[in-house]
>>> print(open('work_29.txt').read())   # compact mmCIF, C-alpha atoms
# COMPACT_ATOMS: atom_id res chain seq x y z
CA MET I 1 13.65 14.65 -21.51
CA ASN I 2 12.22 12.30 -24.12
CA ILE I 3 8.63 11.12 -24.58
CA ARG I 4 9.10 7.97 -22.47
CA ASP I 5 10.32 9.96 -19.45
CA ARG I 6 7.38 12.34 -19.81
CA GLN I 7 4.96 9.40 -19.92
CA ILE I 8 6.54 7.94 -16.79
CA LEU I 9 6.42 11.24 -14.86
CA GLN I 10 2.83 11.97 -15.94
CA ILE I 11 1.82 8.82 -14.08
CA ALA I 12 4.46 8.75 -11.34
CA LEU I 13 4.20 12.32 -10.00
CA PRO I 14 0.43 12.32 -9.24
CA SER I 15 0.87 8.87 -7.68
CA ILE I 16 3.65 10.16 -5.42
CA VAL I 17 1.40 13.01 -4.27
CA SER I 18 -1.40 10.49 -3.60
CA ASN I 19 0.95 8.23 -1.62
CA ILE I 20 2.11 11.10 0.55
CA THR I 21 -1.44 12.27 1.31
CA VAL I 22 -2.85 8.81 2.17
CA PRO I 23 -1.18 8.58 5.64
CA LEU I 24 -2.67 11.99 6.48
CA LEU I 25 -6.10 10.38 6.95
CA GLY I 26 -4.85 8.48 9.99
CA MET I 27 -2.70 11.38 11.22
CA ILE I 28 -5.69 13.75 11.17
CA ASP I 29 -7.71 11.37 13.35
CA VAL I 30 -4.82 11.07 15.82
CA ALA I 31 -4.35 14.84 15.92
CA ILE I 32 -8.03 15.39 16.74
CA VAL I 33 -8.30 12.72 19.45
CA GLY I 34 -4.97 13.89 20.85
CA HIS I 35 -6.77 16.96 22.22
CA MET I 36 -9.73 15.16 23.82
CA GLY I 37 -8.15 15.00 27.26
CA SER I 38 -7.40 11.27 27.55
CA PRO I 39 -4.78 8.99 25.99
CA VAL I 40 -7.35 6.19 25.62
CA TYR I 41 -8.80 8.01 22.60
CA ILE I 42 -5.40 8.03 20.89
CA GLY I 43 -5.00 4.34 21.67
CA ALA I 44 -8.47 3.56 20.31
CA VAL I 45 -7.80 5.30 16.99
CA ALA I 46 -4.34 3.70 16.77
CA VAL I 47 -5.81 0.22 17.26
CA GLY I 48 -8.77 0.86 14.96
CA SER I 49 -6.58 2.32 12.20
CA MET I 50 -4.18 -0.62 12.49
CA ILE I 51 -7.04 -3.09 12.06
CA PHE I 52 -8.44 -1.48 8.93
CA ASN I 53 -5.01 -0.82 7.43
CA LEU I 54 -4.21 -4.51 7.82
CA VAL I 55 -7.57 -5.77 6.53
CA TYR I 56 -7.66 -3.43 3.55
CA TRP I 57 -4.01 -4.15 2.75
CA LEU I 58 -4.95 -7.82 2.29
CA PHE I 59 -7.48 -6.79 -0.35
CA GLY I 60 -5.07 -4.52 -2.19
CA PHE I 61 -5.28 -7.01 -5.07
CA LEU I 62 -8.49 -5.21 -6.07
CA ARG I 63 -6.35 -2.24 -7.11
CA MET I 64 -3.31 -4.10 -8.44
CA GLY I 65 -5.19 -6.73 -10.40
CA SER I 66 -7.51 -4.15 -11.94
CA SER I 67 -4.67 -1.90 -13.11
CA GLY I 68 -2.69 -4.60 -14.89
CA MET I 69 -5.64 -6.21 -16.68
CA THR I 70 -7.10 -2.82 -17.63
CA ALA I 71 -3.78 -1.58 -19.04
CA GLN I 72 -3.43 -4.73 -21.15
CA ALA I 73 -7.00 -4.46 -22.48
CA LEU I 74 -6.39 -0.79 -23.29
CA GLY I 75 -3.13 -1.63 -25.09
CA GLY I 76 -4.96 -4.28 -27.10
CA ARG I 77 -7.73 -1.75 -27.88
CA ASN I 78 -10.32 -4.09 -26.36
CA LEU I 79 -12.56 -1.38 -24.92
CA THR I 80 -15.37 -3.83 -24.18
CA GLU I 81 -13.03 -5.75 -21.88
CA VAL I 82 -11.86 -2.46 -20.34
CA THR I 83 -15.43 -1.80 -19.12
CA ARG I 84 -15.96 -5.40 -18.08
CA ILE I 85 -12.85 -5.41 -15.87
CA LEU I 86 -14.16 -2.38 -13.98
CA MET I 87 -17.58 -3.99 -13.45
CA ARG I 88 -16.04 -7.29 -12.32
CA ALA I 89 -13.68 -5.56 -9.90
CA ILE I 90 -16.40 -3.40 -8.32
CA THR I 91 -18.73 -6.41 -8.01
CA VAL I 92 -16.05 -8.48 -6.26
CA ALA I 93 -15.14 -5.51 -4.03
CA LEU I 94 -18.74 -5.04 -2.90
CA GLY I 95 -19.07 -8.79 -2.30
CA ILE I 96 -16.00 -8.78 -0.05
CA ALA I 97 -17.22 -5.64 1.75
CA LEU I 98 -20.62 -7.24 2.40
CA THR I 99 -18.87 -10.32 3.80
CA LEU I 100 -16.76 -8.15 6.13
CA ILE I 101 -19.88 -6.36 7.40
CA ILE I 102 -21.74 -9.65 7.97
CA LEU I 103 -18.73 -11.14 9.78
CA GLN I 104 -17.78 -7.98 11.60
CA TRP I 105 -18.17 -9.40 15.12
CA PRO I 106 -15.81 -12.41 14.69
CA LEU I 107 -13.45 -10.19 12.65
CA LYS I 108 -13.33 -7.65 15.47
CA GLN I 109 -12.71 -10.31 18.11
CA LEU I 110 -9.93 -11.87 16.03
CA MET I 111 -8.16 -8.55 15.44
CA PHE I 112 -8.45 -7.53 19.10
CA TRP I 113 -6.98 -10.89 20.07
CA LEU I 114 -4.06 -10.37 17.66
CA ILE I 115 -3.37 -6.76 18.71
CA GLY I 116 -4.25 -7.07 22.38
CA PRO I 117 -5.45 -3.55 23.32
CA THR I 118 -5.59 -2.74 27.03
CA THR I 119 -8.92 -2.91 28.85
CA ASP I 120 -9.27 0.87 29.08
CA VAL I 121 -8.77 1.29 25.31
CA LEU I 122 -10.88 -1.71 24.28
CA PRO I 123 -14.42 -0.18 24.52
CA TYR I 124 -13.43 2.94 22.57
CA ALA I 125 -11.59 0.89 19.94
CA SER I 126 -14.70 -1.28 19.65
CA THR I 127 -16.85 1.81 19.07
CA TYR I 128 -14.44 3.04 16.39
CA PHE I 129 -14.48 -0.35 14.67
CA ASN I 130 -18.29 -0.67 14.79
CA ILE I 131 -18.65 2.59 12.88
CA VAL I 132 -15.72 2.47 10.43
CA ILE I 133 -16.57 -1.07 9.26
CA TRP I 134 -19.52 0.47 7.38
CA GLY I 135 -17.05 2.29 5.18
CA ALA I 136 -15.79 -1.03 3.76
CA PRO I 137 -17.95 -0.86 0.58
CA ALA I 138 -16.59 2.60 -0.21
CA SER I 139 -12.96 1.74 0.56
CA LEU I 140 -12.87 -1.53 -1.39
CA ALA I 141 -14.84 -0.19 -4.37
CA LEU I 142 -12.44 2.75 -4.44
CA PHE I 143 -9.54 0.26 -4.66
CA SER I 144 -11.08 -1.15 -7.83
CA LEU I 145 -11.73 2.27 -9.33
CA THR I 146 -8.24 3.50 -8.50
CA GLY I 147 -6.67 0.45 -10.14
CA TRP I 148 -8.86 0.94 -13.20
CA TYR I 149 -7.85 4.60 -13.49
CA ILE I 150 -4.18 3.67 -13.26
CA GLY I 151 -4.69 1.05 -15.97
CA MET I 152 -6.29 3.79 -18.08
CA GLN I 153 -3.03 5.78 -17.67
CA ASN I 154 -4.77 8.30 -15.40
CA THR I 155 -3.29 8.91 -11.95
CA ARG I 156 -4.56 12.49 -11.68
CA ILE I 157 -8.08 11.47 -10.63
CA PRO I 158 -6.77 9.22 -7.78
CA MET I 159 -4.54 12.12 -6.68
CA PHE I 160 -7.46 14.54 -6.53
CA ILE I 161 -9.51 11.94 -4.65
CA SER I 162 -6.77 11.53 -2.00
CA ILE I 163 -6.50 15.28 -1.49
CA MET I 164 -10.27 15.73 -1.35
CA GLN I 165 -10.70 12.86 1.13
CA ASN I 166 -8.31 14.55 3.54
CA ILE I 167 -10.17 17.85 3.28
CA VAL I 168 -13.54 16.16 3.86
CA ASN I 169 -12.14 14.13 6.75
CA ILE I 170 -10.80 17.25 8.47
CA LEU I 171 -14.02 19.23 8.05
CA ALA I 172 -16.36 16.34 8.96
CA SER I 173 -14.38 15.20 12.00
CA LEU I 174 -13.90 18.71 13.39
CA THR I 175 -17.60 19.49 12.89
CA LEU I 176 -18.78 16.28 14.54
CA VAL I 177 -16.30 16.43 17.44
CA TYR I 178 -16.37 20.14 18.27
CA GLY I 179 -19.69 21.16 16.71
CA PHE I 180 -21.84 18.26 17.91
CA GLY I 181 -19.84 17.18 20.96
CA LEU I 182 -19.11 13.67 19.66
CA LYS I 183 -15.80 12.12 20.63
CA ILE I 184 -14.52 8.83 19.23
CA GLU I 185 -17.83 8.49 17.35
CA GLY I 186 -17.25 11.81 15.61
CA VAL I 187 -13.77 10.84 14.45
CA ALA I 188 -15.02 7.45 13.17
CA LEU I 189 -17.97 9.02 11.35
CA GLY I 190 -15.67 11.61 9.81
CA THR I 191 -13.52 8.79 8.41
CA VAL I 192 -16.54 7.00 6.94
CA ILE I 193 -17.89 10.22 5.41
CA ALA I 194 -14.48 10.84 3.79
CA GLN I 195 -14.44 7.31 2.40
CA TYR I 196 -17.84 7.67 0.73
CA ALA I 197 -16.94 11.15 -0.52
CA GLY I 198 -13.89 9.61 -2.19
CA LEU I 199 -16.05 6.91 -3.78
CA LEU I 200 -18.53 9.47 -5.11
CA MET I 201 -15.70 11.50 -6.63
CA ALA I 202 -14.24 8.37 -8.23
CA LEU I 203 -17.63 7.52 -9.73
CA ALA I 204 -18.02 11.10 -10.93
CA GLY I 205 -14.64 10.79 -12.66
CA LEU I 206 -16.13 8.11 -14.91
CA HIS I 207 -17.90 10.97 -16.69
CA PHE I 208 -14.64 11.60 -18.54
CA TYR I 209 -14.96 8.09 -19.98
CA ARG I 210 -18.63 8.35 -20.94
CA LYS I 211 -17.81 7.31 -24.52
CA LEU I 212 -16.99 3.86 -23.17
CA ARG I 213 -20.65 3.31 -22.32
CA ARG I 214 -21.35 2.02 -25.81
CA HIS I 215 -18.76 -0.69 -25.21
CA LEU I 216 -20.37 -1.91 -21.99
CA MET I 217 -21.92 -5.32 -22.57
CA MET I 218 -23.44 -7.36 -19.78
CA LYS I 219 -23.14 -10.49 -21.91
CA GLY I 220 -19.86 -12.19 -21.09
CA LEU I 221 -19.31 -10.02 -18.03
CA PHE I 222 -18.96 -13.01 -15.69
CA VAL I 223 -17.95 -15.63 -18.24
CA ARG I 224 -16.02 -18.51 -16.68
CA GLU I 225 -12.65 -17.98 -18.38
CA ALA I 226 -12.57 -14.25 -17.63
CA MET I 227 -13.48 -14.80 -13.98
CA LYS I 228 -10.89 -17.59 -13.70
CA GLN I 229 -8.18 -15.23 -14.93
CA PHE I 230 -9.43 -12.47 -12.62
CA PHE I 231 -9.30 -14.69 -9.54
CA THR I 232 -6.01 -16.39 -10.52
CA VAL I 233 -4.25 -13.04 -10.83
CA ASN I 234 -5.80 -11.72 -7.63
CA ARG I 235 -5.17 -14.95 -5.71
CA ASP I 236 -1.44 -14.68 -6.39
CA ILE I 237 -1.41 -11.02 -5.31
CA PHE I 238 -3.41 -11.88 -2.17
CA LEU I 239 -0.97 -14.63 -1.16
CA ARG I 240 1.98 -12.36 -1.96
CA THR I 241 0.41 -9.71 0.31
CA LEU I 242 0.11 -12.28 3.10
CA CYS I 243 3.89 -12.76 2.87
CA LEU I 244 4.42 -8.99 3.17
CA VAL I 245 2.05 -8.80 6.13
CA ALA I 246 3.85 -11.68 7.88
CA VAL I 247 7.22 -9.94 7.46
CA ASN I 248 5.97 -6.58 8.68
CA LEU I 249 4.08 -8.02 11.66
CA TYR I 250 7.10 -10.06 12.74
CA PHE I 251 9.42 -7.09 12.29
CA THR I 252 7.21 -5.01 14.58
CA SER I 253 6.64 -7.72 17.18
CA ALA I 254 10.34 -8.69 17.31
CA GLY I 255 11.25 -5.05 17.91
CA ALA I 256 8.63 -4.83 20.64
CA ARG I 257 10.11 -7.85 22.43
CA SER I 258 13.43 -6.00 22.62
CA GLY I 259 11.87 -3.19 24.65
CA ALA I 260 10.19 0.16 24.17
CA VAL I 261 13.35 1.98 23.06
CA ILE I 262 14.23 -0.52 20.30
CA LEU I 263 10.59 -0.59 19.19
CA SER I 264 10.59 3.20 18.96
CA VAL I 265 13.87 3.24 17.01
CA ASN I 266 12.55 0.70 14.50
CA THR I 267 9.24 2.54 14.13
CA VAL I 268 10.96 5.86 13.44
CA MET I 269 13.46 4.35 11.01
CA MET I 270 10.68 2.55 9.15
CA GLN I 271 9.09 5.94 8.51
CA LEU I 272 12.17 6.80 6.45
CA TYR I 273 11.75 3.57 4.49
CA LEU I 274 8.07 4.39 3.92
CA PHE I 275 9.00 7.86 2.69
CA PHE I 276 11.29 6.25 0.10
CA SER I 277 8.55 3.80 -0.83
CA TYR I 278 6.07 6.63 -1.56
CA PHE I 279 8.36 7.81 -4.36
CA MET I 280 9.23 4.37 -5.68
CA ASP I 281 5.58 3.32 -5.73
CA GLY I 282 4.91 6.21 -8.10
CA PHE I 283 7.35 4.72 -10.63
CA ALA I 284 5.93 1.25 -9.94
CA TYR I 285 2.48 2.59 -10.92
CA ALA I 286 4.03 3.89 -14.14
CA GLY I 287 5.33 0.37 -14.73
CA GLU I 288 1.85 -1.03 -14.17
CA ALA I 289 0.09 1.40 -16.51
CA LEU I 290 2.61 1.73 -19.32
CA GLY I 291 4.03 -1.78 -19.07
CA GLY I 292 0.56 -3.31 -19.20
CA ARG I 293 -0.42 -1.12 -22.15
CA PHE I 294 2.69 -1.96 -24.20
CA TYR I 295 2.35 -5.63 -23.28
CA GLY I 296 -1.29 -5.66 -24.35
CA ALA I 297 -0.34 -3.98 -27.63
CA ARG I 298 2.52 -6.51 -28.10
CA ASN I 299 4.91 -3.58 -28.56
CA ALA I 300 8.15 -5.24 -27.44
CA SER I 301 10.47 -2.36 -28.35
CA ALA I 302 8.43 0.21 -26.40
CA PHE I 303 8.21 -2.21 -23.45
CA ARG I 304 11.98 -2.70 -23.29
CA GLU I 305 12.57 1.03 -23.64
CA LEU I 306 10.17 1.59 -20.74
CA LEU I 307 12.14 -0.90 -18.62
CA ARG I 308 15.39 0.95 -19.28
CA HIS I 309 13.90 4.31 -18.36
CA LEU I 310 12.17 2.98 -15.22
CA PHE I 311 15.39 1.49 -13.90
CA ALA I 312 17.20 4.73 -14.74
CA TRP I 313 14.67 6.64 -12.60
CA ALA I 314 15.06 3.98 -9.88
CA ALA I 315 18.83 4.51 -9.93
CA LEU I 316 18.33 8.26 -9.60
CA MET I 317 15.88 7.90 -6.69
CA THR I 318 18.21 5.40 -5.01
CA THR I 319 21.13 7.80 -5.28
CA VAL I 320 19.11 10.77 -3.97
CA PHE I 321 17.68 8.92 -0.97
CA THR I 322 20.91 7.15 -0.11
CA LEU I 323 22.73 10.50 0.01
CA LEU I 324 19.84 12.07 1.94
CA TYR I 325 19.91 9.35 4.59
CA LEU I 326 23.70 9.17 4.64
CA ILE I 327 24.10 12.91 5.23
CA GLY I 328 20.96 13.72 7.20
CA GLY I 329 19.68 10.42 8.61
CA MET I 330 20.01 11.39 12.26
CA ARG I 331 18.61 14.87 11.59
CA LEU I 332 15.52 13.30 10.02
CA ILE I 333 15.13 10.93 12.97
CA ALA I 334 15.45 13.92 15.33
CA LEU I 335 12.54 15.57 13.47
CA LEU I 336 10.38 12.55 14.26
CA THR I 337 11.31 12.19 17.93
CA ASP I 338 13.08 14.20 20.62
CA GLU I 339 13.35 11.31 23.10
CA LYS I 340 17.04 11.13 24.08
CA PRO I 341 17.15 7.35 24.73
CA VAL I 342 15.64 6.74 21.28
CA LEU I 343 18.04 9.14 19.57
CA GLU I 344 21.04 7.58 21.30
CA ALA I 345 19.96 4.06 20.34
CA ALA I 346 19.20 5.17 16.76
CA ARG I 347 22.89 6.05 16.22
CA GLU I 348 23.65 2.35 16.58
CA TYR I 349 21.26 1.39 13.76
CA VAL I 350 20.93 4.41 11.46
CA TRP I 351 23.36 2.96 8.92
CA TRP I 352 20.83 0.24 8.06
CA ILE I 353 18.58 2.90 6.56
CA TRP I 354 21.48 3.96 4.32
CA VAL I 355 21.33 0.64 2.45
CA ILE I 356 17.52 0.33 2.27
CA PRO I 357 17.15 2.29 -1.02
CA VAL I 358 19.82 0.17 -2.76
CA ALA I 359 18.31 -3.07 -1.44
CA GLY I 360 14.68 -2.26 -2.21
CA ALA I 361 14.58 -0.21 -5.42
CA ALA I 362 14.50 -3.08 -7.93
CA ALA I 363 11.64 -4.86 -6.15
CA PHE I 364 9.42 -1.78 -6.49
CA ILE I 365 10.01 -1.50 -10.24
CA TRP I 366 9.58 -5.20 -10.87
CA ASP I 367 6.38 -5.29 -8.80
CA GLY I 368 4.92 -2.61 -11.07
CA ILE I 369 6.03 -4.39 -14.24
CA PHE I 370 4.81 -7.79 -13.06
CA ILE I 371 1.41 -6.34 -12.12
CA GLY I 372 1.18 -4.64 -15.52
CA ILE I 373 1.86 -7.83 -17.46
CA THR I 374 -0.10 -9.89 -14.86
CA ALA I 375 2.94 -12.09 -14.18
CA THR I 376 1.65 -12.41 -10.63
CA ARG I 377 3.08 -15.89 -10.10
CA GLY I 378 6.57 -14.38 -10.28
CA MET I 379 5.60 -11.83 -7.63
CA LEU I 380 4.27 -14.59 -5.39
CA VAL I 381 7.31 -16.85 -5.77
CA SER I 382 9.78 -14.00 -5.12
CA SER I 383 7.87 -12.85 -2.03
CA PHE I 384 7.45 -16.37 -0.68
CA LEU I 385 11.14 -17.32 -1.05
CA SER I 386 12.27 -13.94 0.33
CA THR I 387 9.93 -14.37 3.30
CA LEU I 388 11.38 -17.82 4.02
CA LEU I 389 14.87 -16.31 3.96
CA PHE I 390 13.73 -13.47 6.24
CA PHE I 391 12.49 -15.93 8.86
CA ALA I 392 15.52 -18.20 8.42
CA ILE I 393 17.85 -15.31 9.27
CA ASN I 394 15.66 -14.34 12.21
CA ALA I 395 15.80 -17.91 13.52
CA SER I 396 19.26 -17.05 14.82
CA LEU I 397 17.61 -14.54 17.19
CA PHE I 398 16.78 -17.41 19.55
CA THR I 399 20.47 -18.05 20.22
CA VAL I 400 21.37 -14.39 20.83
CA GLN I 401 21.10 -12.81 24.26
CA SER I 402 21.85 -9.15 23.50
CA SER I 403 18.78 -7.15 22.44
CA LEU I 404 21.08 -4.73 20.57
CA PHE I 405 22.57 -7.50 18.46
CA LYS I 406 19.15 -9.08 17.95
CA ASN I 407 17.95 -5.86 16.37
CA HIS I 408 20.92 -5.83 13.98
CA ILE I 409 19.92 -9.33 12.87
CA LEU I 410 16.34 -8.14 12.43
CA TRP I 411 17.45 -5.29 10.17
CA LEU I 412 19.81 -7.60 8.27
CA ALA I 413 16.87 -9.92 7.61
CA MET I 414 14.76 -7.01 6.34
CA VAL I 415 17.49 -5.75 3.99
CA VAL I 416 18.15 -9.26 2.63
CA TYR I 417 14.39 -9.76 2.20
CA LEU I 418 14.06 -6.60 0.09
CA LEU I 419 17.16 -7.35 -1.96
CA THR I 420 16.20 -10.98 -2.60
CA ARG I 421 12.77 -10.02 -3.93
CA GLY I 422 14.36 -7.83 -6.58
CA VAL I 423 17.00 -10.45 -7.50
CA ILE I 424 14.47 -13.29 -7.86
CA GLN I 425 12.12 -11.13 -9.94
CA THR I 426 15.03 -10.16 -12.23
CA ILE I 427 15.87 -13.83 -12.77
CA TRP I 428 12.18 -14.73 -13.22
CA TYR I 429 11.68 -12.06 -15.87
CA SER I 430 14.90 -13.03 -17.69
CA CYS I 431 13.79 -16.67 -17.84
CA SER I 432 10.10 -16.11 -18.60
CA LYS I 433 10.54 -14.41 -22.00
CA LYS I 434 7.17 -12.68 -21.46
CA ILE I 435 7.89 -9.97 -24.04
>>> encode(input="work_29.txt", output="structure tokens")
Amino acid sequence: MNIRDRQILQIALPSIVSNITVPLLGMIDVAIVGHMGSPVYIGAVAVGSMIFNLVYWLFGFLRMGSSGMTAQALGGRNLTEVTRILMRAITVALGIALTLIILQWPLKQLMFWLIGPTTDVLPYASTYFNIVIWGAPASLALFSLTGWYIGMQNTRIPMFISIMQNIVNILASLTLVYGFGLKIEGVALGTVIAQYAGLLMALAGLHFYRKLRRHLMMKGLFVREAMKQFFTVNRDIFLRTLCLVAVNLYFTSAGARSGAVILSVNTVMMQLYLFFSYFMDGFAYAGEALGGRFYGARNASAFRELLRHLFAWAALMTTVFTLLYLIGGMRLIALLTDEKPVLEAAREYVWWIWVIPVAGAAAFIWDGIFIGITATRGMLVSSFLSTLLFFAINASLFTVQSSLFKNHILWLAMVVYLLTRGVIQTIWYSCSKKI
């Protein structure tokens, strides 16, 4: 294994661990409320978690934008700009969080209207929302800090934060629910406590970069050109994220319209896609950190070498997961559900998950590279055109009567969407001559 592979794995492996632990926060809450004696508590946490996952996903540009710009500044040895990017990102994050808190009532009403929880779940979901919204400053500031750490080539601190947040969440929620007799309030407070514990740990991690303090200059922190670049990059990422949200929401809602069994099949199969994405995102983070650094240093040979090694790792991951799903796809689905109607229906669609790794691998790598070199317009264009194609394919659903065939079209649209993103980004990079 040469030095470039070691550099990639030093960033990718902690990121993969972080990705795998992140969903545990929501699973822990569900596990606790699942023993409270009423399904309305599970529904309330499911609705509340969905709301905050969606809202925070939209502001994921705080992490992605910070990582790319930080990596470039680090590669260019502009340590003053490295500190300024962190301050700008945290300031914007806290501004957005304050806006969410001020507008929490209309935000809650809008999200409840979109999701449509039943009347018995609604009051408990409202209680969960009213408490967890106060964790917005911690969550969004942590996005900025995580992106900055990745840009600084350090994914170990974000990994430790993810693990520690889960431990705090478990201890706090169990104590509040079973020690103090709180129910949905205890679970919500446990989540907020874990969020602020994660923020405190992220801030404590800055101690390892204390030598950067002498490079911190307030002058020029919010200069017009720097802020214009910051918001241009993040605007493109935000709009790109809207495209992703639209695709995922439609995919879920279209499955739901085909009945509970089809919805369940799609949900379970998407877990296998998410599992693949946790690994590929790790290599995408390596592309962000190392690609941005080499781009900032104008080291074209190292950048191209990195590209070759990243796509080699992508090919390996694609092969491993394709074989895993090809050989054991139904066994993995059976681990996630024992409902016979769902298992029987899954046999009709399981082969779609076989092609997901091949279709989606390139898009993950290119996303990381494009974030690292802040070529965010390419990300936006590829996502927008792929989203149009996704909905164009799904337009044929209106002429199809069979729910089984409709779901095949839905999966075809998803596979084409993933593949097209990677193809367009490949063409965009080849034509852009960025480095």
>>> closest_residue(input="work_29.txt", among="I:Ala202, I:Met64, I:Cys431, I:Ala286", to="Pro14 in chain I", atoms="only C-alpha atoms")
I:Ala286
>>> closest_residue(input="work_29.txt", among="I:Val350, I:Val247, I:Ile427, I:Met111", to="Ala392 in chain I", atoms="all atoms listed in the file")
I:Val247
>>> residues_around(input="work_29.txt", residues="Tyr124 in chain I", least_positions_apart="3", cutoff="10 Å", atoms="only C-alpha atoms", output="ChimeraX atom specification")
/I:40-45,47-48,119-121,127-130,183-185
>>> closest_residue(input="work_29.txt", among="I:Leu103, I:Leu74, I:Leu316, I:Leu182", to="Met152 in chain I", atoms="only C-alpha atoms")
I:Leu74
>>> residues_around(input="work_29.txt", residues="Ala197 in chain I", least_positions_apart="4", cutoff="8 Å", atoms="all atoms listed in the file", output="list in words")
Gln165, Val168, Ile193 and Met201 of chain I
>>> residues_around(input="work_29.txt", residues="Phe112 in chain I", least_positions_apart="5", cutoff="9 Å", atoms="only C-alpha atoms", output="list of chain:residue names")
I:Val47, I:Ile51, I:Leu107, I:Pro117, I:Leu122, I:Ser126
>>> atom_distance(input="work_29.txt", atom1="CA of Trp428 in chain I", atom2="CA of Ser144 in chain I")
27.5 Å
>>> decode(input="work_29.txt", residues="range 369-381 of chain I", atoms="N, CA and C atoms", output="PDB file, in the first residue's frame")
ATOM      1  N   ILE I 369     -14.742  15.167  -4.664  1.00  0.00           N
ATOM      2  CA  ILE I 369     -13.760  15.959  -5.409  1.00  0.00           C
ATOM      3  C   ILE I 369     -14.289  17.356  -5.693  1.00  0.00           C
ATOM      4  N   PHE I 370     -15.531  17.451  -6.155  1.00  0.00           N
ATOM      5  CA  PHE I 370     -16.105  18.751  -6.496  1.00  0.00           C
ATOM      6  C   PHE I 370     -16.235  19.651  -5.268  1.00  0.00           C
ATOM      7  N   ILE I 371     -16.568  19.064  -4.120  1.00  0.00           N
ATOM      8  CA  ILE I 371     -16.628  19.848  -2.881  1.00  0.00           C
ATOM      9  C   ILE I 371     -15.232  20.338  -2.521  1.00  0.00           C
ATOM     10  N   GLY I 372     -14.227  19.449  -2.661  1.00  0.00           N
ATOM     11  CA  GLY I 372     -12.863  19.818  -2.314  1.00  0.00           C
ATOM     12  C   GLY I 372     -12.321  20.962  -3.143  1.00  0.00           C
ATOM     13  N   ILE I 373     -12.633  20.973  -4.448  1.00  0.00           N
ATOM     14  CA  ILE I 373     -12.132  22.035  -5.313  1.00  0.00           C
ATOM     15  C   ILE I 373     -13.171  23.141  -5.489  1.00  0.00           C
ATOM     16  N   THR I 374     -14.249  23.075  -4.683  1.00  0.00           N
ATOM     17  CA  THR I 374     -15.365  24.034  -4.687  1.00  0.00           C
ATOM     18  C   THR I 374     -15.921  24.258  -6.100  1.00  0.00           C
ATOM     19  N   ALA I 375     -15.990  23.172  -6.881  1.00  0.00           N
ATOM     20  CA  ALA I 375     -16.641  23.230  -8.193  1.00  0.00           C
ATOM     21  C   ALA I 375     -18.117  22.893  -8.010  1.00  0.00           C
ATOM     22  N   THR I 376     -18.775  23.662  -7.140  1.00  0.00           N
ATOM     23  CA  THR I 376     -20.131  23.331  -6.717  1.00  0.00           C
ATOM     24  C   THR I 376     -21.161  23.532  -7.823  1.00  0.00           C
ATOM     25  N   ARG I 377     -20.837  24.368  -8.818  1.00  0.00           N
ATOM     26  CA  ARG I 377     -21.781  24.536  -9.924  1.00  0.00           C
ATOM     27  C   ARG I 377     -21.938  23.233 -10.698  1.00  0.00           C
ATOM     28  N   GLY I 378     -20.854  22.483 -10.848  1.00  0.00           N
ATOM     29  CA  GLY I 378     -20.932  21.184 -11.507  1.00  0.00           C
ATOM     30  C   GLY I 378     -21.811  20.212 -10.741  1.00  0.00           C
ATOM     31  N   MET I 379     -21.704  20.235  -9.399  1.00  0.00           N
ATOM     32  CA  MET I 379     -22.569  19.387  -8.571  1.00  0.00           C
ATOM     33  C   MET I 379     -24.029  19.748  -8.771  1.00  0.00           C
ATOM     34  N   LEU I 380     -24.309  21.061  -8.800  1.00  0.00           N
ATOM     35  CA  LEU I 380     -25.685  21.526  -8.938  1.00  0.00           C
ATOM     36  C   LEU I 380     -26.260  21.133 -10.296  1.00  0.00           C
ATOM     37  N   VAL I 381     -25.503  21.365 -11.357  1.00  0.00           N
ATOM     38  CA  VAL I 381     -25.986  21.055 -12.707  1.00  0.00           C
ATOM     39  C   VAL I 381     -26.248  19.562 -12.856  1.00  0.00           C
TER      40      VAL I 381
END
